[in-house]
Every structure is written in structure tokens, then in C-alpha cells.
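Below is one structure, written out as C-alpha cells; comments come after it.
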Amino acid sequence: MLADLRVVGLDRAVAAPLCTRILADWGADVVKIEQPPHGDFSRRWDSFVMGQSSYFVLLNRGKRSLALDLKQEAGREAFHRLLDRSDVFIHNMTRRALTGLGLEPEALLERHPKLIVCSIWGYGAEGPNASLKAYDMLIQGETGLEATTGPPEAPARLGIPVADIGAGLYAALSILAAVHARAADGRGRHVEVSLFETMIEWMAQPLAQWMNSGIPFKRNGLAHHLLVPYSAFKTRDGVLVNVTCQQDSEWRSLCRELEMPELAEEPRFATFQHRRDCRPEVEAIVGAAIAKLDAVELERRLDAGAIAHGRVRT
């Protein structure tokens, strides 16, 4: 779908390489620029894929590679000649690093007026945190994501780099929007995404909850903070199964399938709010009923009641 698009990436680690890999998967001609002698530092994070880094291999498939020393005039001129024949340039360098190379977005657009320049920043291009290093764990902490993740007694980091992944996805979307706009007016553009703003967007519901009610988000481990039951329960044969009720009708169906029909009509458990107010009791009742069933039998009953479920797998 993007076979007519050439993309140049001065990309490293996760966020920008994910963006350019998505474009490559869709058919774009992606040229990855790496600084000699070591290149993208994610090459050295592990050696799990036939001696190569799992991060690097998965994030950089389908691209061409070019080593350019952008600290040298000859390297920068070769880089600009490449941009002359390209549609998109994406990077996740700091503004200070770009300025040191003479590659600020404004300067690039002046020299290449039809180019789409996409910047993935940590905390944004300006402001008091603009020069700070922004790694996924730090962003998860600064945006409150870690405070909403994990069991009640302690915060936790999500196990994959969600800030990088989210920013890479938004960057790809922004690039496609800019390419679409350029088709109408012929002008290049600078689009910007930051890891921090990406996670602020993803934290919108806990933020809206607190700003409008004063009620903070509470960590509940595998359980949902608003919906009950919406958690993982252990079966008789030791399998952990996620069971979710997003509608009051699903709660009544669950009660019938677990052979507790009287609870389906219990006023104390009738609505989302009622069950949330009685969370420990509801989860204990459901957990005790599920503990009497093997996983296969539980899943058969949940399917019969059209109740969403899934195992917690390794």
C-alpha cells in the first residue's frame, strides 16, 4: 500500500524503529541510517535471535541499512542527497543532538520543502524536561501508569515498553496524515509525537476520574478498577482464568452458569456500582464457585452463557 513512499530513519531503540518497521510492513522503502562504528545500540541488548538482538531483529525487518557518519561533512551531504529523493524523515534524537548535526526539523524543511519530518521526542521539544533522557520505565512512572499497575501494596511497571510502542504507532499515524495533506497542497510538514504525551493520552480515564470525582485510581492486580467481577480466578485443576462481566446481564448469566441463580436477583449485586461496593464479597463468591470446577468445564459453562473469558498464559 505504501510502495511509492521512501522513508529515511535516523532511528534507534524502539519507538522510531517500530514506526518505520510498520511503514516497511506496508510496503514503504525504508532506509535505516546508523552511526558508525556501533550503529543502533539496541543491536547489543541481547543475542537471542541467531546471535542477534531480539529487539533489533523484530523492529528493523524489511528495511535497508546505511552507515553514515553524520558528524562529517561528507556524511551529511550524502544524507541530504538521500533526502532529496525521499518522502519522509523520522528520528528519535534529542533536539540538542539534531542541532549539533545541523539537522533541526526547521532546517530540513527549508532545504527539502516537500519532506515530511517526524520527530519522536521524550517529553516534547520544549519545556523544562525537553533535554532529559526518556526511557519507557521513566515515562510509565512520570505519567502515573506505574501507580495504576500492579497489586494494591506496590506499583509495577508494565512488562513491555508501552510508551515506545504507543509513540511509534502515533508517529506512523501522524506520518500518514501528513502524507495525505501533502497530496492536496504539495507542502512538507513537521509532525511531532512524544512518549510522555502518548502515555498522558492513554491515562485519560484515570485522570478524568480523579479530576471530576476526586476518587483516585486504585490498583487491584489483575482485577478491573471499576467492573466486578472482572478478574482472574483459579480453577480446581490450578488454571488461572480471566472472567469478565461488562454488562449487568452478563453478571446474571454468570450466576446462572455457576449454579447460583439466587445471586442473579440479589439487589445488593444488581448493578456495576453495587458490585463494586461489595467487591471482596462478590469476588470471594465467584472465586469459590470457580474453584469447584476444572478449567475445561468452566470454559464450557462460560461459553454457554456468552461470558467473555481467557486463560492467563505464560
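For the C-alpha cells, the naming scheme is as follows: chains receive sequential letters (A, B, ...) according to their order of presentation, residues are indexed from 1 within each chain, and ligands are indexed from 1 in presentation order.
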Spatial neighbours of A:Leu132, 12 Å, only C-alpha atoms, chain gap at least 2 places, as a PDB file with N, CA, C and O atoms, in the first residue's frame:
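Listing of result04.pdb after writing:
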```
ATOM      1  N   MET A  93      15.935  11.372  17.981  1.00  0.00           N
ATOM      2  CA  MET A  93      17.089  12.023  18.597  1.00  0.00           C
ATOM      3  C   MET A  93      16.588  13.181  19.468  1.00  0.00           C
ATOM      4  O   MET A  93      15.459  13.648  19.327  1.00  0.00           O
ATOM      5  N   THR A  94      17.430  13.668  20.364  1.00  0.00           N
ATOM      6  CA  THR A  94      17.088  14.884  21.094  1.00  0.00           C
ATOM      7  C   THR A  94      17.301  16.096  20.188  1.00  0.00           C
ATOM      8  O   THR A  94      18.053  16.044  19.215  1.00  0.00           O
ATOM      9  N   ARG A  95      16.629  17.185  20.517  1.00  0.00           N
ATOM     10  CA  ARG A  95      16.829  18.400  19.719  1.00  0.00           C
ATOM     11  C   ARG A  95      18.278  18.864  19.796  1.00  0.00           C
ATOM     12  O   ARG A  95      18.825  19.348  18.815  1.00  0.00           O
ATOM     13  N   ARG A  96      18.894  18.700  20.935  1.00  0.00           N
ATOM     14  CA  ARG A  96      20.300  19.097  21.071  1.00  0.00           C
ATOM     15  C   ARG A  96      21.182  18.309  20.118  1.00  0.00           C
ATOM     16  O   ARG A  96      22.068  18.869  19.458  1.00  0.00           O
ATOM     17  N   TRP A 121       9.909  12.731  20.344  1.00  0.00           N
ATOM     18  CA  TRP A 121      10.643  13.266  21.490  1.00  0.00           C
ATOM     19  C   TRP A 121      10.339  12.441  22.733  1.00  0.00           C
ATOM     20  O   TRP A 121       9.413  11.632  22.740  1.00  0.00           O
ATOM     21  N   GLY A 122      11.097  12.702  23.801  1.00  0.00           N
ATOM     22  CA  GLY A 122      10.803  12.065  25.077  1.00  0.00           C
ATOM     23  C   GLY A 122       9.688  12.792  25.804  1.00  0.00           C
ATOM     24  O   GLY A 122       8.599  12.269  26.013  1.00  0.00           O
ATOM     25  N   TYR A 123       9.967  14.057  26.160  1.00  0.00           N
ATOM     26  CA  TYR A 123       8.992  14.875  26.870  1.00  0.00           C
ATOM     27  C   TYR A 123       8.500  16.051  26.020  1.00  0.00           C
ATOM     28  O   TYR A 123       7.816  16.935  26.526  1.00  0.00           O
ATOM     29  N   GLY A 124       8.829  16.067  24.748  1.00  0.00           N
ATOM     30  CA  GLY A 124       8.495  17.200  23.902  1.00  0.00           C
ATOM     31  C   GLY A 124       9.747  17.961  23.524  1.00  0.00           C
ATOM     32  O   GLY A 124      10.808  17.801  24.136  1.00  0.00           O
ATOM     33  N   ALA A 125       9.624  18.819  22.519  1.00  0.00           N
ATOM     34  CA  ALA A 125      10.787  19.564  22.028  1.00  0.00           C
ATOM     35  C   ALA A 125      11.153  20.724  22.928  1.00  0.00           C
ATOM     36  O   ALA A 125      12.285  21.204  22.910  1.00  0.00           O
ATOM     37  N   GLU A 126      10.199  21.213  23.714  1.00  0.00           N
ATOM     38  CA  GLU A 126      10.436  22.372  24.568  1.00  0.00           C
ATOM     39  C   GLU A 126       9.988  22.065  25.986  1.00  0.00           C
ATOM     40  O   GLU A 126       9.382  21.034  26.250  1.00  0.00           O
ATOM     41  N   GLY A 127      10.294  22.991  26.894  1.00  0.00           N
ATOM     42  CA  GLY A 127       9.894  22.806  28.274  1.00  0.00           C
ATOM     43  C   GLY A 127      11.029  22.336  29.148  1.00  0.00           C
ATOM     44  O   GLY A 127      12.112  21.977  28.662  1.00  0.00           O
ATOM     45  N   PRO A 128      10.804  22.307  30.466  1.00  0.00           N
ATOM     46  CA  PRO A 128      11.890  22.005  31.411  1.00  0.00           C
ATOM     47  C   PRO A 128      12.451  20.598  31.298  1.00  0.00           C
ATOM     48  O   PRO A 128      13.574  20.350  31.727  1.00  0.00           O
ATOM     49  N   ASN A 129      11.691  19.651  30.737  1.00  0.00           N
ATOM     50  CA  ASN A 129      12.155  18.271  30.649  1.00  0.00           C
ATOM     51  C   ASN A 129      12.627  17.884  29.254  1.00  0.00           C
ATOM     52  O   ASN A 129      12.945  16.705  29.012  1.00  0.00           O
ATOM     53  N   ALA A 130      12.674  18.855  28.340  1.00  0.00           N
ATOM     54  CA  ALA A 130      12.965  18.534  26.944  1.00  0.00           C
ATOM     55  C   ALA A 130      14.321  17.866  26.763  1.00  0.00           C
ATOM     56  O   ALA A 130      14.494  17.031  25.868  1.00  0.00           O
ATOM     57  N   ALA A 134      14.536   9.972  28.148  1.00  0.00           N
ATOM     58  CA  ALA A 134      13.172   9.490  28.383  1.00  0.00           C
ATOM     59  C   ALA A 134      13.084   8.024  27.991  1.00  0.00           C
ATOM     60  O   ALA A 134      12.861   7.702  26.830  1.00  0.00           O
ATOM     61  N   TYR A 135      13.261   7.153  28.964  1.00  0.00           N
ATOM     62  CA  TYR A 135      13.126   5.732  28.730  1.00  0.00           C
ATOM     63  C   TYR A 135      11.753   5.270  29.208  1.00  0.00           C
ATOM     64  O   TYR A 135      11.117   5.905  30.051  1.00  0.00           O
ATOM     65  N   LEU A 138      10.785   5.272  32.897  1.00  0.00           N
ATOM     66  CA  LEU A 138      10.672   6.613  33.461  1.00  0.00           C
ATOM     67  C   LEU A 138       9.354   7.255  33.060  1.00  0.00           C
ATOM     68  O   LEU A 138       8.682   7.902  33.876  1.00  0.00           O
ATOM     69  N   ILE A 139       8.964   7.082  31.798  1.00  0.00           N
ATOM     70  CA  ILE A 139       7.712   7.658  31.321  1.00  0.00           C
ATOM     71  C   ILE A 139       6.523   6.988  32.004  1.00  0.00           C
ATOM     72  O   ILE A 139       5.549   7.662  32.399  1.00  0.00           O
ATOM     73  N   PHE A 196       5.932  10.986  26.464  1.00  0.00           N
ATOM     74  CA  PHE A 196       5.189  11.499  27.615  1.00  0.00           C
ATOM     75  C   PHE A 196       3.740  11.791  27.246  1.00  0.00           C
ATOM     76  O   PHE A 196       2.804  11.361  27.923  1.00  0.00           O
TER      77      PHE A 196
END
```
Tell me which protein, DNA and RNA residues are within 12 Å of A:Pro155, counting only C-alpha atoms, leaving out same-chain ones fewer than 5 positions away, and put them as a list in words. Gln140, Gly141, Gly144, Leu145, Glu146, Ala147, Thr148, Thr149, Gly150, Phe217, Lys218, Arg219, Asn220 and Gly221 of chain A
Go through stretch 130-183 of chain A and collect every residue that DSSP, computed from the backbone, puts in helix (DSSP H, G or I); the answer should be as a count of residues only. 32
Got a sec: who's within 12 Å of A:Thr244, counting only C-alpha atoms, leaving out chain neighbours fewer than 2 positions off, as a ChimeraX atom specification? /A:222-224,226-233,241-242,246-251,253-254,283,286,302,305-311
Output file for the selection above: N, CA and C atoms, as an mmCIF file, in the first residue's frame:
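Dumped everything to again00.cif:
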```
data_model
loop_
_atom_site.group_PDB
_atom_site.id
_atom_site.type_symbol
_atom_site.label_atom_id
_atom_site.label_comp_id
_atom_site.auth_asym_id
_atom_site.auth_seq_id
_atom_site.Cartn_x
_atom_site.Cartn_y
_atom_site.Cartn_z
ATOM 1 N N LEU A 222 -4.865 -8.062 38.975
ATOM 2 C CA LEU A 222 -5.482 -8.464 37.716
ATOM 3 C C LEU A 222 -6.943 -8.020 37.609
ATOM 4 N N ALA A 223 -7.506 -7.486 38.668
ATOM 5 C CA ALA A 223 -8.906 -7.085 38.645
ATOM 6 C C ALA A 223 -9.068 -5.698 38.029
ATOM 7 N N HIS A 224 -10.238 -5.458 37.431
ATOM 8 C CA HIS A 224 -10.570 -4.153 36.881
ATOM 9 C C HIS A 224 -10.889 -3.189 38.020
ATOM 10 N N LEU A 226 -13.058 -0.767 38.023
ATOM 11 C CA LEU A 226 -14.455 -0.345 38.070
ATOM 12 C C LEU A 226 -15.438 -1.520 37.950
ATOM 13 N N LEU A 227 -15.113 -2.499 37.122
ATOM 14 C CA LEU A 227 -16.056 -3.577 36.830
ATOM 15 C C LEU A 227 -15.797 -4.793 37.722
ATOM 16 N N VAL A 228 -16.870 -5.364 38.255
ATOM 17 C CA VAL A 228 -16.777 -6.526 39.155
ATOM 18 C C VAL A 228 -17.923 -7.488 38.813
ATOM 19 N N PRO A 229 -17.637 -8.785 38.618
ATOM 20 C CA PRO A 229 -16.310 -9.416 38.571
ATOM 21 C C PRO A 229 -15.636 -9.202 37.216
ATOM 22 N N TYR A 230 -14.364 -8.946 37.258
ATOM 23 C CA TYR A 230 -13.542 -8.720 36.070
ATOM 24 C C TYR A 230 -12.116 -8.992 36.516
ATOM 25 N N SER A 231 -11.800 -10.283 36.640
ATOM 26 C CA SER A 231 -10.524 -10.637 37.246
ATOM 27 C C SER A 231 -10.161 -12.069 36.868
ATOM 28 N N ALA A 232 -9.057 -12.536 37.435
ATOM 29 C CA ALA A 232 -8.599 -13.905 37.201
ATOM 30 C C ALA A 232 -8.943 -14.763 38.415
ATOM 31 N N PHE A 233 -9.443 -15.973 38.136
ATOM 32 C CA PHE A 233 -9.840 -16.898 39.194
ATOM 33 C C PHE A 233 -9.208 -18.262 38.914
ATOM 34 N N VAL A 241 -7.944 -18.325 35.142
ATOM 35 C CA VAL A 241 -8.817 -17.931 34.038
ATOM 36 C C VAL A 241 -9.371 -16.527 34.301
ATOM 37 N N ASN A 242 -9.226 -15.642 33.324
ATOM 38 C CA ASN A 242 -9.848 -14.327 33.393
ATOM 39 C C ASN A 242 -11.323 -14.453 33.059
ATOM 40 N N GLN A 246 -18.984 -7.182 31.649
ATOM 41 C CA GLN A 246 -19.049 -5.768 31.304
ATOM 42 C C GLN A 246 -20.490 -5.249 31.262
ATOM 43 N N GLN A 247 -21.450 -6.134 31.462
ATOM 44 C CA GLN A 247 -22.853 -5.739 31.471
ATOM 45 C C GLN A 247 -23.551 -6.437 32.625
ATOM 46 N N ASP A 248 -24.577 -5.787 33.151
ATOM 47 C CA ASP A 248 -25.327 -6.398 34.252
ATOM 48 C C ASP A 248 -25.957 -7.715 33.820
ATOM 49 N N SER A 249 -26.369 -7.801 32.552
ATOM 50 C CA SER A 249 -26.953 -9.049 32.054
ATOM 51 C C SER A 249 -25.928 -10.180 32.071
ATOM 52 N N GLU A 250 -24.648 -9.848 31.844
ATOM 53 C CA GLU A 250 -23.607 -10.880 31.896
ATOM 54 C C GLU A 250 -23.414 -11.381 33.336
ATOM 55 N N TRP A 251 -23.552 -10.486 34.291
ATOM 56 C CA TRP A 251 -23.466 -10.909 35.686
ATOM 57 C C TRP A 251 -24.556 -11.925 36.001
ATOM 58 N N SER A 253 -26.117 -13.849 33.921
ATOM 59 C CA SER A 253 -25.807 -15.077 33.190
ATOM 60 C C SER A 253 -24.724 -15.878 33.911
ATOM 61 N N LEU A 254 -23.694 -15.189 34.422
ATOM 62 C CA LEU A 254 -22.623 -15.867 35.151
ATOM 63 C C LEU A 254 -23.183 -16.571 36.380
ATOM 64 N N GLU A 283 -16.144 -11.140 44.655
ATOM 65 C CA GLU A 283 -15.004 -11.903 44.138
ATOM 66 C C GLU A 283 -14.803 -13.196 44.929
ATOM 67 N N VAL A 286 -17.618 -15.675 43.664
ATOM 68 C CA VAL A 286 -17.313 -16.174 42.323
ATOM 69 C C VAL A 286 -16.090 -17.079 42.375
ATOM 70 N N LEU A 302 -19.011 -20.982 30.642
ATOM 71 C CA LEU A 302 -18.902 -19.569 30.268
ATOM 72 C C LEU A 302 -19.299 -19.362 28.811
ATOM 73 N N GLY A 305 -22.997 -19.394 28.490
ATOM 74 C CA GLY A 305 -23.621 -18.170 28.976
ATOM 75 C C GLY A 305 -23.191 -16.919 28.258
ATOM 76 N N ALA A 306 -22.400 -17.079 27.170
ATOM 77 C CA ALA A 306 -21.887 -15.931 26.394
ATOM 78 C C ALA A 306 -21.129 -14.945 27.288
ATOM 79 N N ILE A 307 -20.296 -15.508 28.152
ATOM 80 C CA ILE A 307 -19.479 -14.697 29.065
ATOM 81 C C ILE A 307 -18.036 -14.730 28.586
ATOM 82 N N ALA A 308 -17.437 -13.573 28.420
ATOM 83 C CA ALA A 308 -16.061 -13.494 27.918
ATOM 84 C C ALA A 308 -15.078 -14.061 28.932
ATOM 85 N N HIS A 309 -14.084 -14.789 28.419
ATOM 86 C CA HIS A 309 -13.110 -15.391 29.323
ATOM 87 C C HIS A 309 -11.836 -15.694 28.536
ATOM 88 N N GLY A 310 -10.755 -15.933 29.245
ATOM 89 C CA GLY A 310 -9.487 -16.312 28.631
ATOM 90 C C GLY A 310 -8.495 -16.711 29.695
ATOM 91 N N ARG A 311 -7.638 -17.651 29.366
ATOM 92 C CA ARG A 311 -6.651 -18.124 30.334
ATOM 93 C C ARG A 311 -5.489 -17.125 30.477
#
```
Any chance you could tabulate, as JSON lines, the residues of stretch 96-150 of chain A at most 12 Å from stretch 54-71 of chain A with each one's nearest atom pair and distance in Å to one decimal, using only C-alpha atoms, in chain and rising number order?
```
{"residue": "A:Ala97", "atom": "CA", "partner": "A:Lys71", "partner_atom": "CA", "distance": 10.5}
{"residue": "A:Leu98", "atom": "CA", "partner": "A:Leu70", "partner_atom": "CA", "distance": 10.1}
{"residue": "A:Thr99", "atom": "CA", "partner": "A:Lys71", "partner_atom": "CA", "distance": 11.4}
{"residue": "A:Gly100", "atom": "CA", "partner": "A:Lys71", "partner_atom": "CA", "distance": 8.5}
{"residue": "A:Leu101", "atom": "CA", "partner": "A:Lys71", "partner_atom": "CA", "distance": 6.3}
{"residue": "A:Gly102", "atom": "CA", "partner": "A:Leu70", "partner_atom": "CA", "distance": 9.4}
{"residue": "A:Leu103", "atom": "CA", "partner": "A:Leu70", "partner_atom": "CA", "distance": 9.5}
```
Those same residues, written as a CSV table (one decimal), in the first residue's frame with N, CA and C atoms?
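Output below, filename selection.csv:
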```csv
chain,number,residue,atom,x,y,z
A,97,ALA,N,20.9,17.0,20.0
A,97,ALA,CA,21.7,16.2,19.1
A,97,ALA,C,21.5,16.6,17.7
A,98,LEU,N,20.2,16.8,17.3
A,98,LEU,CA,20.0,17.3,15.9
A,98,LEU,C,20.6,18.6,15.6
A,99,THR,N,20.6,19.5,16.6
A,99,THR,CA,21.2,20.8,16.4
A,99,THR,C,22.7,20.7,16.2
A,100,GLY,N,23.3,19.8,16.9
A,100,GLY,CA,24.7,19.6,16.8
A,100,GLY,C,25.1,19.1,15.4
A,101,LEU,N,24.2,18.4,14.7
A,101,LEU,CA,24.4,17.9,13.4
A,101,LEU,C,23.9,18.8,12.3
A,102,GLY,N,23.3,19.9,12.7
A,102,GLY,CA,22.7,20.8,11.7
A,102,GLY,C,21.5,20.2,11.1
A,103,LEU,N,20.7,19.4,11.8
A,103,LEU,CA,19.6,18.7,11.2
A,103,LEU,C,18.3,19.0,11.9
```
Which of these residues is nearest to A:Ala183, using only C-alpha atoms: A:Glu297, A:Glu265, A:Asp87, A:Glu106?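 So, comparing all the options, the nearest one is A:Asp87.
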Where does DSSP see strand (DSSP E or B) in stretch 30-63 of chain A, if you list the residues as a ChimeraX atom specification? /A:30-34,49,52
Can you check which parts of stretch 164-224 of chain A lie within 10 Å of stretch 19-22 of chain A? Per residue, the shortest pair of atoms and distance in Å to one decimal, counting only C-alpha atoms, sorted by chain and number, as a tab-separated table.
```
residue	atom	partner	partner_atom	distance
A:Asp164	CA	A:Cys19	CA	9.7
A:Ile165	CA	A:Cys19	CA	8.5
A:Gly166	CA	A:Cys19	CA	9.6
A:Ala167	CA	A:Cys19	CA	8.3
A:Gly168	CA	A:Cys19	CA	4.5
A:Leu169	CA	A:Cys19	CA	6.1
A:Tyr170	CA	A:Cys19	CA	8.3
A:Ala171	CA	A:Cys19	CA	6.3
A:Ala172	CA	A:Cys19	CA	5.3
A:Leu173	CA	A:Cys19	CA	8.9
A:Ile175	CA	A:Cys19	CA	9.3
```
Length of the atom CA of A:Arg85 to atom CA of A:Ile120 vector [Å]: 22.2 Å
For A:Glu266, the closest of A:Lys32, A:Arg252, A:Arg111, A:Arg76 counting only C-alpha atoms is A:Arg252
I'd like the contact shell of A:Leu115 - 10 Å cut-off, only C-alpha atoms, skipping same-chain residues fewer than 3 positions apart - returned as JSON, numbers by chain. {"A": [7, 83, 84, 85, 86, 87, 88, 89, 105, 108, 109, 110, 111, 112, 118, 178, 179, 182, 186, 187, 188, 189, 190]}
Please, what distance in Å, to one decimal, runs between atom CA of A:Arg276 and atom CA of A:His225? 8.5 Å
Using only C-alpha atoms, the shortest atom-to-atom distance to A:Ile90 among A:Val8, A:Ala28, A:Ala154, A:Ala163 belongs to A:Val8
Go through A:Ile116, A:Pro151, A:Gly159, A:Leu293 one by one, measure the shortest atom-to-atom distance of each to A:His180 using only C-alpha atoms, and give the residue with the smallest value.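 Smallest separation from A:His180 among the options: A:Ile116.
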